[in-house]
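Chemist: As input, take protein_32.cif (mmCIF, C-alpha atoms):
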```cif
data_query
#
loop_
_atom_site.label_atom_id
_atom_site.label_comp_id
_atom_site.auth_asym_id
_atom_site.auth_seq_id
_atom_site.Cartn_x
_atom_site.Cartn_y
_atom_site.Cartn_z
CA MET A 897 -67.32 138.33 -71.10
CA SER A 898 -63.63 138.71 -70.35
CA LEU A 899 -63.47 141.83 -72.56
CA LEU A 900 -65.93 143.50 -70.17
CA GLN A 901 -63.88 142.43 -67.16
CA GLN A 902 -60.68 143.70 -68.80
CA GLY A 903 -62.29 147.10 -69.44
CA LYS A 904 -62.06 146.70 -73.23
CA LEU A 905 -65.85 146.75 -73.68
CA ASP A 906 -68.52 148.73 -71.88
CA LEU A 907 -71.53 146.74 -73.15
CA ALA A 908 -72.20 143.40 -74.77
CA LEU A 909 -75.60 142.42 -76.20
CA VAL A 910 -75.37 138.69 -76.81
CA GLU A 911 -77.40 135.61 -77.65
CA MET A 912 -76.91 133.13 -74.79
CA PRO A 913 -78.02 129.55 -74.17
CA LEU A 914 -81.47 129.48 -72.58
CA LEU A 915 -81.42 130.01 -68.81
CA SER A 916 -77.76 131.08 -68.71
CA THR A 917 -76.64 133.06 -65.70
CA GLY A 918 -75.31 136.60 -65.62
CA GLY A 919 -76.29 139.83 -67.28
CA THR A 920 -79.80 141.16 -67.78
CA HIS A 921 -82.08 138.84 -69.71
CA LEU A 922 -83.98 140.99 -72.19
CA GLY A 923 -85.95 138.41 -74.12
CA ARG A 924 -86.24 134.83 -75.23
CA ASP A 925 -85.71 133.80 -78.82
CA GLU A 926 -84.88 130.70 -80.82
CA LEU A 927 -82.31 129.95 -83.44
CA VAL A 928 -83.62 128.95 -86.87
CA TRP A 929 -82.14 127.67 -90.10
CA VAL A 930 -82.55 130.13 -92.96
CA ARG A 931 -82.08 129.84 -96.70
CA SER A 932 -82.85 131.68 -99.89
CA PRO A 933 -86.25 130.86 -101.40
CA LEU A 934 -84.51 130.85 -104.79
CA HIS A 935 -82.10 128.00 -104.00
CA SER A 936 -82.44 124.44 -102.72
CA THR A 937 -79.30 124.69 -100.61
CA HIS A 938 -80.94 122.75 -97.78
CA MET A 939 -81.21 119.67 -100.06
CA ARG A 940 -77.46 119.35 -100.74
CA GLU A 941 -75.27 116.62 -99.22
CA PRO A 942 -73.26 117.41 -97.25
CA LEU A 943 -75.31 120.40 -96.08
CA PRO A 944 -73.38 123.60 -96.90
CA LEU A 945 -73.33 126.13 -94.06
CA ALA A 946 -72.85 129.90 -94.22
CA VAL A 947 -71.90 130.83 -90.66
CA PHE A 948 -69.93 133.18 -88.48
CA VAL A 949 -66.30 132.47 -87.62
CA ASP A 950 -65.18 129.76 -85.19
CA GLY A 951 -66.33 130.38 -81.62
CA CYS A 952 -69.75 131.83 -82.51
CA TYR A 953 -72.62 130.35 -80.47
CA HIS A 954 -74.86 130.08 -83.57
CA ARG A 955 -72.19 128.17 -85.48
CA ASP A 956 -71.38 125.92 -82.52
CA MET A 957 -75.05 125.03 -82.01
CA ALA A 958 -75.58 124.32 -85.73
CA LEU A 959 -72.61 121.95 -85.83
CA GLN A 960 -73.60 120.26 -82.56
CA VAL A 961 -77.22 119.69 -83.65
CA LEU A 962 -76.22 118.39 -87.07
CA GLU A 963 -73.71 116.02 -85.47
CA GLN A 964 -76.36 114.74 -83.03
CA TRP A 965 -78.72 114.11 -85.95
CA GLN A 966 -75.88 112.54 -87.96
CA LYS A 967 -76.50 115.02 -90.76
CA PRO A 968 -73.31 115.51 -92.83
CA CYS A 969 -72.37 119.15 -93.28
CA ARG A 970 -69.50 121.35 -94.38
CA ILE A 971 -68.59 124.97 -93.74
CA ALA A 972 -69.08 126.55 -97.18
CA PHE A 973 -68.67 130.19 -96.10
CA THR A 974 -67.61 132.13 -93.01
CA SER A 975 -67.74 135.81 -92.17
CA GLN A 976 -67.35 138.00 -89.13
CA SER A 977 -70.35 140.05 -90.21
CA ARG A 978 -74.05 139.27 -90.26
CA ALA A 979 -74.30 141.02 -93.65
CA GLY A 980 -71.65 138.70 -95.07
CA VAL A 981 -73.32 135.53 -93.78
CA LEU A 982 -76.76 136.59 -95.02
CA ALA A 983 -75.37 137.60 -98.43
CA ALA A 984 -73.96 134.08 -98.77
CA VAL A 985 -77.31 132.59 -97.74
CA ARG A 986 -79.18 134.76 -100.27
CA ALA A 987 -76.69 133.72 -102.99
CA GLY A 988 -77.37 130.04 -102.27
CA ILE A 989 -73.88 129.30 -100.98
CA GLY A 990 -75.14 127.82 -97.74
CA VAL A 991 -77.83 127.59 -95.09
CA GLY A 992 -77.47 130.03 -92.19
CA VAL A 993 -78.50 130.23 -88.53
CA ILE A 994 -80.07 133.35 -87.01
CA PRO A 995 -82.43 134.23 -84.15
CA ARG A 996 -86.04 134.02 -85.35
CA SER A 997 -86.73 137.59 -84.22
CA THR A 998 -84.14 138.87 -86.72
CA LEU A 999 -85.60 137.13 -89.77
CA GLU A 1000 -85.33 139.42 -92.80
CA GLU A 1001 -87.21 139.72 -96.04
CA GLY A 1002 -85.75 137.47 -98.73
CA LEU A 1003 -85.02 134.62 -96.32
CA VAL A 1004 -87.16 131.64 -95.38
CA VAL A 1005 -87.03 129.45 -92.30
CA GLU A 1006 -86.07 125.89 -93.23
CA ASP A 1007 -88.06 123.54 -90.99
CA SER A 1008 -86.84 120.30 -92.59
CA LEU A 1009 -83.55 120.55 -90.67
CA PRO A 1010 -83.14 119.53 -87.00
CA PRO A 1011 -84.53 122.01 -84.46
CA LEU A 1012 -82.10 124.50 -82.94
CA PRO A 1013 -82.13 125.65 -79.30
CA LYS A 1014 -83.99 128.51 -77.71
CA THR A 1015 -81.86 131.39 -76.47
CA ASP A 1016 -81.86 134.38 -74.14
CA THR A 1017 -80.86 137.79 -75.46
CA THR A 1018 -78.73 139.16 -72.63
CA LEU A 1019 -77.17 142.53 -71.90
CA PHE A 1020 -73.89 142.67 -70.02
CA VAL A 1021 -72.60 146.00 -68.69
CA ALA A 1022 -69.10 146.56 -67.30
CA GLU A 1023 -68.82 147.68 -63.68
CA GLN A 1024 -67.39 151.08 -64.61
CA VAL A 1025 -68.79 152.71 -67.75
CA THR A 1026 -69.07 156.19 -69.16
CA GLU A 1027 -72.29 158.16 -68.85
CA ALA A 1028 -72.93 157.58 -72.57
CA SER A 1029 -72.57 153.80 -72.18
CA PHE A 1030 -74.83 153.86 -69.12
CA ARG A 1031 -77.50 155.73 -71.13
CA LEU A 1032 -77.12 153.33 -74.06
CA ALA A 1033 -77.68 150.36 -71.72
CA GLN A 1034 -80.82 152.09 -70.43
CA ILE A 1035 -82.07 152.73 -73.97
CA ILE A 1036 -81.51 149.06 -74.86
CA ARG A 1037 -83.38 147.87 -71.75
CA GLU A 1038 -86.30 150.22 -72.51
CA SER A 1039 -86.38 149.42 -76.24
CA PRO A 1040 -89.81 148.24 -77.45
CA GLN A 1041 -88.15 145.01 -78.61
CA PHE A 1042 -87.04 144.29 -75.04
CA SER A 1043 -89.58 146.27 -72.97
CA CYS A 1044 -91.11 143.12 -71.44
CA ALA A 1045 -88.05 141.40 -70.00
CA GLY A 1046 -88.14 137.68 -70.60
CA GLN A 1047 -90.73 137.92 -73.37
CA ASP A 1048 -90.64 135.46 -76.22
CA MET A 1049 -89.17 137.66 -78.97
CA ALA A 1050 -89.48 134.87 -81.51
CA ARG A 1051 -93.27 134.97 -81.16
CA SER A 1052 -93.63 138.75 -80.89
CA ARG A 1053 -92.67 139.29 -84.51
CA LEU A 1054 -94.70 138.44 -87.56
CA PRO A 1055 -93.09 135.84 -89.82
CA ILE A 1056 -91.58 137.09 -93.06
CA GLU A 1057 -92.07 134.88 -96.07
#
```
Write out the structure in this file as structure tokens.

Modeler:
Amino acid sequence: MSLLQQGKLDLALVEMPLLSTGGTHLGRDELVWVRSPLHSTHMREPLPLAVFVDGCYHRDMALQVLEQWQKPCRIAFTSQSRAGVLAAVRAGIGVGVIPRSTLEEGLVVEDSLPPLPKTDTTLFVAEQVTEASFRLAQIIRESPQFSCAGQDMARSRLPIE
């Protein structure tokens, strides 16, 4: 959150560890393993991962959980964009990690892998923001996806298969 404190960002909408402090908690979710239904990527040894760049919470949790379960893995693909990671997953390059509430068509949740943690979707707003940023923060808070603060977003969405 240092970019907010430095005045380089007005808003940050982030996935945080469950029960983290700070910001406005908008909803609860859970991280899930996803893969392409056309590929058996989840069966490979070591498990190939398609993840965000180093420092991403999703990536860190995936590596930590796999290490705890002594499941060998390797980083097969990295990207700074969600589109890039999911394209690699769809192509069968690796298994990815996303919040359940963001599951897209063409991806399946892989339940044979170790469970990933629950999360809080949290909005952080800098102390001094423009009127436009203030309104955007309000729109996010009032969004139907977040209208019941603290709701379980992972359960409020129908599964896509």

Chemist: Taking all atoms listed in the file into account, which of A:Leu914, A:Ala908, A:Val928, A:Leu1009 comes nearest A:Ser997?

Modeler: A:Val928

Chemist: Please report the interatomic distance between atom CA of A:Ala1028 and atom CA of A:Leu915 in Å with one decimal.

Modeler: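 Taking atom CA of A:Ala1028 as the start and atom CA of A:Leu915 as the end point, the length is 29.1 Å.
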
Chemist: Out of A:Glu1038, A:Glu1027, A:Glu1000, A:Glu1006, which residue has the shortest atom-to-atom distance to A:Ser936 when counting all atoms listed in the file?

Modeler: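 For A:Ser936, the nearest of the given residues is A:Glu1006.
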
Chemist: Assuming the chain letters and numbering stay as they are in my file, what does the PyMOL selection byres ((chain A and resi 961) around 12) actually select? List them as a ChimeraX atom specification.

Modeler: /A:927-929,954-960,962-969,993,1009-1013

Chemist: Check the smallest atom-to-atom distance from each of A:Gln1041, A:Gln1024, A:Ser977, A:Ser1008 to A:Arg924 using only C-alpha atoms, then report the winner.

Modeler: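 Distance minimum relative to A:Arg924 lands on A:Gln1041.
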
Chemist: Expressed in Å to a single decimal, how great is the separation between atom CA of A:Val985 and atom CA of A:Ala946?

Modeler: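 The value is 6.3 Å.
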
Chemist: Of the residues A:Arg931, A:His921, A:Arg970, A:Lys904, which is the one nearest to A:Asp1007, using all atoms listed in the file?

Modeler: A:Arg931

Chemist: Kindly give the distance, in Å, that separates atom CA of A:Ser1029 and atom CA of A:Arg978, rounded to a single decimal.

Modeler: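 Interatomic distance, atom CA of A:Ser1029 to atom CA of A:Arg978: 23.2 Å.
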
Chemist: Work out where the centre of an axis-aligned box around every listed atom of stretch 974-993 of chain A lies and how long its edges are once 5 Å is added on each side; give both in Å to one decimal as AutoDock Vina command-line options.

Modeler:
```
--center_x -73.3 --center_y 134.3 --center_z -95.8 --size_x 21.8 --size_y 23.4 --size_z 24.5
```

Chemist: Here's the selection I'm unsure about, the PyMOL selection byres ((chain A and resi 910) around 6); applied to the file above, which residues does it give, as an MDAnalysis selection string?

Modeler: chainID A and resid 909 911 1017:1018

Chemist: Between A:Val947, A:Leu900, A:Ile1035, A:Val1004, which residue has the minimum interatomic distance to A:Ala979, considering all atoms listed in the file?

Modeler: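 Of the candidates, the smallest distance to A:Ala979 is held by A:Val947.
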
Chemist: Could you check which of A:Leu899, A:Leu922, A:Leu1003, A:Leu907 is closest to A:Pro1040, using only C-alpha atoms?

Modeler: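 That would be A:Leu922, the residue with the smallest distance to A:Pro1040.
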
Chemist: Can you list, as a ChimeraX atom specification, every protein, DNA or RNA residue that comes within 10 Å of A:Ser975 when you count only C-alpha atoms, leaving out same-chain residues fewer than 5 positions away?

Modeler: /A:946-950,980-982,984
